[in-house]
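Participant: File model08.pdb follows (PDB, C-alpha atoms):
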ATOM      1  CA  MET A  84      92.598  15.937 122.995
ATOM      2  CA  GLU A  85      90.774  17.490 125.952
ATOM      3  CA  GLU A  86      90.713  14.156 127.836
ATOM      4  CA  LYS A  87      94.536  13.952 127.721
ATOM      5  CA  ILE A  88      94.825  17.419 129.252
ATOM      6  CA  ASP A  89      92.300  16.559 131.986
ATOM      7  CA  LEU A  90      94.051  13.288 132.727
ATOM      8  CA  ARG A  91      97.440  15.024 132.806
ATOM      9  CA  ILE A  92      96.143  17.658 135.225
ATOM     10  CA  GLN A  93      94.640  14.932 137.429
ATOM     11  CA  ARG A  94      97.990  13.123 137.486
ATOM     12  CA  THR A  95      99.798  16.372 138.327
ATOM     13  CA  TYR A  96      97.408  17.100 141.189
ATOM     14  CA  LYS A  97      97.650  13.552 142.511
ATOM     15  CA  ALA A  98     101.466  13.571 142.370
ATOM     16  CA  LEU A  99     101.633  16.907 144.193
ATOM     17  CA  TYR A 100      99.016  15.893 146.765
ATOM     18  CA  ASP A 101     100.613  12.510 147.504
ATOM     19  CA  THR A 102     104.103  13.986 147.732
ATOM     20  CA  PHE A 103     102.994  16.853 149.952
ATOM     21  CA  PHE A 104     101.185  14.390 152.214
ATOM     22  CA  ILE A 105     104.384  12.361 152.639
ATOM     23  CA  MET A 106     106.562  15.445 153.134
ATOM     24  CA  LEU A 107     104.198  16.963 155.699
ATOM     25  CA  ASN A 108     104.390  13.714 157.656
ATOM     26  CA  GLU A 109     108.171  14.171 157.794
ATOM     27  CA  THR A 110     108.648  17.907 158.358
ATOM     28  CA  THR A 111     106.902  21.194 159.112
ATOM     29  CA  PHE A 112     105.060  23.256 156.520
ATOM     30  CA  GLU A 113     107.674  26.040 156.286
ATOM     31  CA  LYS A 114     110.474  23.566 155.594
ATOM     32  CA  ILE A 115     108.686  22.298 152.499
ATOM     33  CA  THR A 116     109.696  24.397 149.526
ATOM     34  CA  ILE A 117     107.971  24.528 146.160
ATOM     35  CA  ASN A 118     111.243  23.362 144.635
ATOM     36  CA  SER A 119     111.535  20.289 146.885
ATOM     37  CA  LEU A 120     107.850  19.448 146.428
ATOM     38  CA  CYS A 121     108.099  19.666 142.655
ATOM     39  CA  THR A 122     111.346  17.704 142.535
ATOM     40  CA  LYS A 123     109.969  14.864 144.655
ATOM     41  CA  ALA A 124     106.669  14.855 142.762
ATOM     42  CA  ASN A 125     108.527  14.905 139.441
ATOM     43  CA  ILE A 126     106.597  18.014 138.401
ATOM     44  CA  ARG A 127     108.107  21.123 136.868
ATOM     45  CA  ARG A 128     107.930  24.324 138.904
ATOM     46  CA  ALA A 129     106.317  26.084 135.953
ATOM     47  CA  THR A 130     103.543  23.471 136.003
ATOM     48  CA  PHE A 131     103.028  24.042 139.726
ATOM     49  CA  TYR A 132     102.709  27.800 139.220
ATOM     50  CA  LYS A 133     100.338  27.273 136.322
ATOM     51  CA  HIS A 134      97.867  25.815 138.826
ATOM     52  CA  PHE A 135      98.755  27.434 142.174
ATOM     53  CA  ALA A 136      99.770  30.952 143.181
ATOM     54  CA  ASP A 137     102.007  29.789 146.038
ATOM     55  CA  LYS A 138     102.420  27.209 148.796
ATOM     56  CA  TYR A 139      99.426  28.596 150.729
ATOM     57  CA  ASP A 140      97.179  28.331 147.703
ATOM     58  CA  PHE A 141      98.360  24.741 147.339
ATOM     59  CA  PHE A 142      97.631  24.080 151.040
ATOM     60  CA  GLY A 143      94.018  25.169 150.393
ATOM     61  CA  PHE A 144      93.899  22.684 147.508
ATOM     62  CA  PHE A 145      95.352  20.027 149.829
ATOM     63  CA  ILE A 146      92.634  20.648 152.446
ATOM     64  CA  ARG A 147      89.903  20.658 149.756
ATOM     65  CA  ASN A 148      91.117  17.226 148.657
ATOM     66  CA  ILE A 149      91.010  15.886 152.186
ATOM     67  CA  LEU A 150      87.457  17.226 152.601
ATOM     68  CA  SER A 151      86.520  15.792 149.219
ATOM     69  CA  ASN A 152      87.704  12.377 150.385
ATOM     70  CA  PHE A 153      85.541  12.731 153.507
ATOM     71  CA  LEU A 154      82.539  13.761 151.475
ATOM     72  CA  SER A 155      82.882  10.930 148.963
ATOM     73  CA  HIS A 156      81.272   8.782 151.669
ATOM     74  CA  ILE A 157      78.512  11.278 152.363
ATOM     75  CA  HIS A 158      75.717   8.938 151.278
ATOM     76  CA  ASP A 159      75.967   7.303 154.725
ATOM     77  CA  TYR A 160      74.949  10.503 156.515
ATOM     78  CA  GLU A 161      72.160  11.245 154.013
ATOM     79  CA  LYS A 162      70.349   8.076 155.044
ATOM     80  CA  SER A 163      70.251   9.152 158.685
ATOM     81  CA  GLY A 164      67.316  11.504 158.125
ATOM     82  CA  THR A 165      68.705  14.645 159.773
ATOM     83  CA  PRO A 166      70.431  17.378 157.757
ATOM     84  CA  TYR A 167      72.487  18.394 160.787
ATOM     85  CA  SER A 168      74.239  15.054 160.752
ATOM     86  CA  TYR A 169      76.219  16.574 157.876
ATOM     87  CA  TYR A 170      78.070  18.844 160.315
ATOM     88  CA  THR A 171      78.595  15.958 162.715
ATOM     89  CA  TYR A 172      79.929  13.894 159.837
ATOM     90  CA  ILE A 173      82.519  16.534 158.909
ATOM     91  CA  PHE A 174      83.553  16.817 162.549
ATOM     92  CA  GLU A 175      83.886  13.043 162.990
ATOM     93  CA  GLU A 176      85.892  12.631 159.805
ATOM     94  CA  CYS A 177      88.281  15.412 160.823
ATOM     95  CA  ILE A 178      88.854  13.746 164.208
ATOM     96  CA  TYR A 179      89.495  10.351 162.609
ATOM     97  CA  PHE A 180      91.809  11.884 160.012
ATOM     98  CA  MET A 181      93.803  13.667 162.718
ATOM     99  CA  LYS A 182      94.052  10.494 164.750
ATOM    100  CA  GLU A 183      95.236   8.426 161.783
ATOM    101  CA  ASN A 184      97.702  11.100 160.610
ATOM    102  CA  ARG A 185      99.114  12.316 163.906
ATOM    103  CA  SER A 186     102.626  13.126 162.621
ATOM    104  CA  LEU A 187     101.219  15.207 159.764
ATOM    105  CA  ILE A 188      98.971  17.122 162.174
ATOM    106  CA  ASP A 189     101.841  17.552 164.654
ATOM    107  CA  ASN A 190     103.999  19.026 161.884
ATOM    108  CA  VAL A 191     101.246  21.456 160.919
ATOM    109  CA  ALA A 192     100.778  22.430 164.571
ATOM    110  CA  LYS A 193     104.540  22.946 165.064
ATOM    111  CA  SER A 194     104.663  25.242 162.074
ATOM    112  CA  ASN A 195     105.310  28.928 162.659
ATOM    113  CA  MET A 196     102.448  29.420 160.229
ATOM    114  CA  PHE A 197      99.954  27.370 162.255
ATOM    115  CA  SER A 198      97.420  30.178 162.659
ATOM    116  CA  THR A 199      97.540  30.904 158.923
ATOM    117  CA  LEU A 200      97.151  27.218 158.101
ATOM    118  CA  LEU A 201      94.263  26.956 160.571
ATOM    119  CA  ASP A 202      92.608  29.925 158.834
ATOM    120  CA  ILE A 203      92.973  28.156 155.471
ATOM    121  CA  PHE A 204      91.471  25.009 157.001
ATOM    122  CA  ALA A 205      88.567  27.028 158.473
ATOM    123  CA  ASP A 206      87.970  28.772 155.122
ATOM    124  CA  GLU A 207      87.703  25.422 153.350
ATOM    125  CA  ILE A 208      85.314  24.051 155.986
ATOM    126  CA  TYR A 209      83.242  27.258 155.718
ATOM    127  CA  LYS A 210      83.009  26.977 151.919
ATOM    128  CA  ASP A 211      81.816  23.399 152.205
ATOM    129  CA  VAL A 212      79.272  24.076 154.962
ATOM    130  CA  TYR A 213      77.987  27.206 153.194
ATOM    131  CA  GLY A 214      77.659  25.216 149.958
ATOM    132  CA  TYR A 215      75.620  22.608 151.790
ATOM    133  CA  VAL A 216      73.381  25.251 153.372
ATOM    134  CA  GLU A 217      72.797  26.869 149.978
ATOM    135  CA  GLU A 218      71.919  23.487 148.427
ATOM    136  CA  HIS A 219      69.487  22.587 151.232
ATOM    137  CA  PRO A 220      67.743  25.843 152.215
ATOM    138  CA  GLU A 221      64.555  24.028 153.198
ATOM    139  CA  ASP A 222      66.484  22.348 156.024
ATOM    140  CA  VAL A 223      67.866  25.565 157.527
ATOM    141  CA  ASP A 224      65.470  28.375 156.623
ATOM    142  CA  LYS A 225      63.189  27.399 159.525
ATOM    143  CA  LEU A 226      65.785  29.054 161.771
ATOM    144  CA  HIS A 227      65.411  32.410 159.971
ATOM    145  CA  ILE A 228      69.184  32.945 160.086
ATOM    146  CA  PRO A 229      71.143  34.154 157.051
ATOM    147  CA  HIS A 230      73.036  31.277 155.460
ATOM    148  CA  ASP A 231      76.442  32.899 155.843
ATOM    149  CA  ILE A 232      75.935  33.378 159.591
ATOM    150  CA  LEU A 233      74.759  29.791 160.045
ATOM    151  CA  ALA A 234      77.743  28.467 158.061
ATOM    152  CA  ALA A 235      80.148  30.620 160.091
ATOM    153  CA  PHE A 236      78.580  29.377 163.348
ATOM    154  CA  TYR A 237      78.971  25.707 162.443
ATOM    155  CA  THR A 238      82.440  26.232 160.994
ATOM    156  CA  GLY A 239      83.629  27.947 164.161
ATOM    157  CA  GLY A 240      82.189  25.178 166.285
ATOM    158  CA  ILE A 241      83.761  22.451 164.179
ATOM    159  CA  VAL A 242      87.192  24.102 163.969
ATOM    160  CA  GLN A 243      87.429  25.108 167.623
ATOM    161  CA  SER A 244      86.200  21.709 168.833
ATOM    162  CA  ILE A 245      88.789  19.971 166.669
ATOM    163  CA  ARG A 246      91.433  22.330 168.017
ATOM    164  CA  LEU A 247      90.396  21.528 171.603
ATOM    165  CA  TRP A 248      90.508  17.790 170.917
ATOM    166  CA  PHE A 249      93.952  18.160 169.358
ATOM    167  CA  THR A 250      95.435  20.364 172.100
ATOM    168  CA  ASN A 251      94.196  17.832 174.668
ATOM    169  CA  ASN A 252      96.158  15.234 172.645
ATOM    170  CA  GLY A 253      92.958  13.371 171.971
ATOM    171  CA  SER A 254      92.839  12.457 175.662
ATOM    172  CA  ASP A 255      89.046  12.539 175.678
ATOM    173  CA  SER A 256      87.349   9.396 174.455
ATOM    174  CA  ASP A 257      86.689   9.865 170.724
ATOM    175  CA  LYS A 258      83.231   8.394 171.141
ATOM    176  CA  ASP A 259      82.344  10.669 174.092
ATOM    177  CA  PHE A 260      83.793  13.770 172.420
ATOM    178  CA  ILE A 261      81.949  13.121 169.152
ATOM    179  CA  GLN A 262      78.727  12.369 171.036
ATOM    180  CA  GLY A 263      79.034  15.661 172.924
ATOM    181  CA  ILE A 264      79.467  17.616 169.676
ATOM    182  CA  THR A 265      76.603  15.685 168.071
ATOM    183  CA  THR A 266      74.335  16.604 170.990
ATOM    184  CA  LEU A 267      75.285  20.292 170.625
ATOM    185  CA  ILE A 268      74.713  20.296 166.870
ATOM    186  CA  GLU A 269      71.352  18.590 167.211
ATOM    187  CA  SER A 270      70.274  21.051 169.935
ATOM    188  CA  VAL A 271      70.595  23.946 167.488
ATOM    189  CA  GLN A 272      68.513  22.433 164.700
ATOM    190  CA  PRO A 273      64.982  23.758 164.191
ATOM    191  CA  LYS A 274      62.090  21.964 165.886
ATOM    192  CA  ASN A 275      59.280  20.838 163.603
TER     193      ASN A 275
END
Take the structure in this file and express it as structure tokens.

Facilitator:
Amino acid sequence: MEEKIDLRIQRTYKALYDTFFIMLNETTFEKITINSLCTKANIRRATFYKHFADKYDFFGFFIRNILSNFLSHIHDYEKSGTPYSYYTYIFEECIYFMKENRSLIDNVAKSNMFSTLLDIFADEIYKDVYGYVEEHPEDVDKLHIPHDILAAFYTGGIVQSIRLWFTNNGSDSDKDFIQGITTLIESVQPKN
């Protein structure tokens, strides 16, 4: 019986995620209502509220799913031999996602709630980076910096660099921009 519930929840999440993704490509965040999302996803409002407090809570879930998709390919970075390539990997994937989903990103940026949505995005990046730091203390403890400060530093760098790339309309070469960030990230890692 438990498997049916898990499968049903997975289907609900997928329907909401996929529908929100489509809607956000078509309109701004504030124009998407819970009612319209649920109707288009064929999900009852009561089911939505069983899992999410509000639209902002759902946006956090949406960002976590995007990050989860990025990280499902993480084995590629692990083979590179440097733990700091993890931060570069997140940065690169965010740039590629933004480039491939320009209308969705434009609609988020046009939103009156952009700063709030950017905070949610930054919080999700922070949670992921902090989780990585906690799981790999041997890679970062050489710096003698508390894990929360290190995670905040990398999160701020990732988020603000992405914001710069976006506000410049991606006018910088992706390869050059990513290489510049990679060089910065690698310059902060501890020397053996």

Participant: Can you work out the spacing between CA of Ile126 in chain A and CA of Thr111 in chain A in Å, to one decimal?

Facilitator: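 These two atoms are separated by 21.0 Å.
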
Participant: Name all residues at most 10 Å from Asp206 in chain A (count only C-alpha atoms; drop same-chain ones fewer than 4 positions away) and give them as a list in words.

Facilitator: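 My list of contacting residues is Gly143, Ile146, Arg147, Leu200, Leu201, Asp202, Lys210, Asp211, Val212, Ala235 and Thr238 of chain A.
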
Participant: What separation in Å, quoted to one decimal, exists between CA of Gly240 in chain A and CA of Lys138 in chain A?

Facilitator: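 For CA of Gly240 in chain A relative to CA of Lys138 in chain A, the distance reads 26.8 Å.
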
Participant: On this file, the PyMOL selection byres ((chain A and resi 115) around 12) gives some set of residues; write that set as a compact mmCIF listing (two decimals) with C-alpha atoms, in the coordinates of the input.

Facilitator:
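Resulting contents of part-v7.txt:
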# COMPACT_ATOMS: atom_id res chain seq x y z
CA THR A 102 104.10 13.99 147.73
CA PHE A 103 102.99 16.85 149.95
CA PHE A 104 101.18 14.39 152.21
CA ILE A 105 104.38 12.36 152.64
CA MET A 106 106.56 15.44 153.13
CA LEU A 107 104.20 16.96 155.70
CA ASN A 108 104.39 13.71 157.66
CA GLU A 109 108.17 14.17 157.79
CA THR A 110 108.65 17.91 158.36
CA THR A 111 106.90 21.19 159.11
CA PHE A 112 105.06 23.26 156.52
CA GLU A 113 107.67 26.04 156.29
CA LYS A 114 110.47 23.57 155.59
CA THR A 116 109.70 24.40 149.53
CA ILE A 117 107.97 24.53 146.16
CA ASN A 118 111.24 23.36 144.64
CA SER A 119 111.54 20.29 146.88
CA LEU A 120 107.85 19.45 146.43
CA CYS A 121 108.10 19.67 142.66
CA THR A 122 111.35 17.70 142.54
CA LYS A 123 109.97 14.86 144.66
CA ASP A 137 102.01 29.79 146.04
CA LYS A 138 102.42 27.21 148.80
CA TYR A 139 99.43 28.60 150.73
CA PHE A 141 98.36 24.74 147.34
CA PHE A 142 97.63 24.08 151.04
CA ASN A 190 104.00 19.03 161.88
CA VAL A 191 101.25 21.46 160.92
CA SER A 194 104.66 25.24 162.07

Participant: Can you tell me, as an MDAnalysis selection string, which residues sit within 8 Å of (103.4, 9.6, 140.1) in the file's frame, using all atoms listed in the file?

Facilitator: chainID A and resid 94:95 97:98 124:125

Participant: Could you tell me which residues the PyMOL selection byres ((chain A and resi 239) around 12) returns for this structure, as a ChimeraX atom specification?

Facilitator: /A:170,174,201-202,204-209,212,232-238,240-247

Participant: (91.7, 14.3, 165.6) in this file's frame - what residues fall within 9 Å of it? Use only C-alpha atoms and give the answer as a PyMOL selection string.

Facilitator: chain A and resi 175-185+188+245-246+248-249+252-253+257

Participant: Would you work out the distance separating CA of Lys133 in chain A from CA of Thr199 in chain A, expressed in Å to one decimal?

Facilitator: 23.1 Å

Participant: Identify all residues satisfying the PyMOL selection byres ((chain A and resi 267) around 12) in the given file; provide them as an mmCIF file with C-alpha atoms, keeping the file's coordinate frame.

Facilitator:
data_model
loop_
_atom_site.group_PDB
_atom_site.id
_atom_site.type_symbol
_atom_site.label_atom_id
_atom_site.label_comp_id
_atom_site.auth_asym_id
_atom_site.auth_seq_id
_atom_site.Cartn_x
_atom_site.Cartn_y
_atom_site.Cartn_z
ATOM 1 C CA TYR A 167 72.487 18.394 160.787
ATOM 2 C CA SER A 168 74.239 15.054 160.752
ATOM 3 C CA TYR A 170 78.070 18.844 160.315
ATOM 4 C CA THR A 171 78.595 15.958 162.715
ATOM 5 C CA TYR A 237 78.971 25.707 162.443
ATOM 6 C CA GLY A 240 82.189 25.178 166.285
ATOM 7 C CA ILE A 241 83.761 22.451 164.179
ATOM 8 C CA SER A 244 86.200 21.709 168.833
ATOM 9 C CA PHE A 260 83.793 13.770 172.420
ATOM 10 C CA ILE A 261 81.949 13.121 169.152
ATOM 11 C CA GLN A 262 78.727 12.369 171.036
ATOM 12 C CA GLY A 263 79.034 15.661 172.924
ATOM 13 C CA ILE A 264 79.467 17.616 169.676
ATOM 14 C CA THR A 265 76.603 15.685 168.071
ATOM 15 C CA THR A 266 74.335 16.604 170.990
ATOM 16 C CA ILE A 268 74.713 20.296 166.870
ATOM 17 C CA GLU A 269 71.352 18.590 167.211
ATOM 18 C CA SER A 270 70.274 21.051 169.935
ATOM 19 C CA VAL A 271 70.595 23.946 167.488
ATOM 20 C CA GLN A 272 68.513 22.433 164.700
#

Participant: Find, counting all atoms listed in the file, the residue in A:Tyr215, A:Phe197, A:Tyr172, A:Tyr100 that gets nearest to Phe131 in chain A.

Facilitator: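 Going through A:Tyr215, A:Phe197, A:Tyr172, A:Tyr100 one by one, the smallest distance to Phe131 in chain A is for A:Tyr100.
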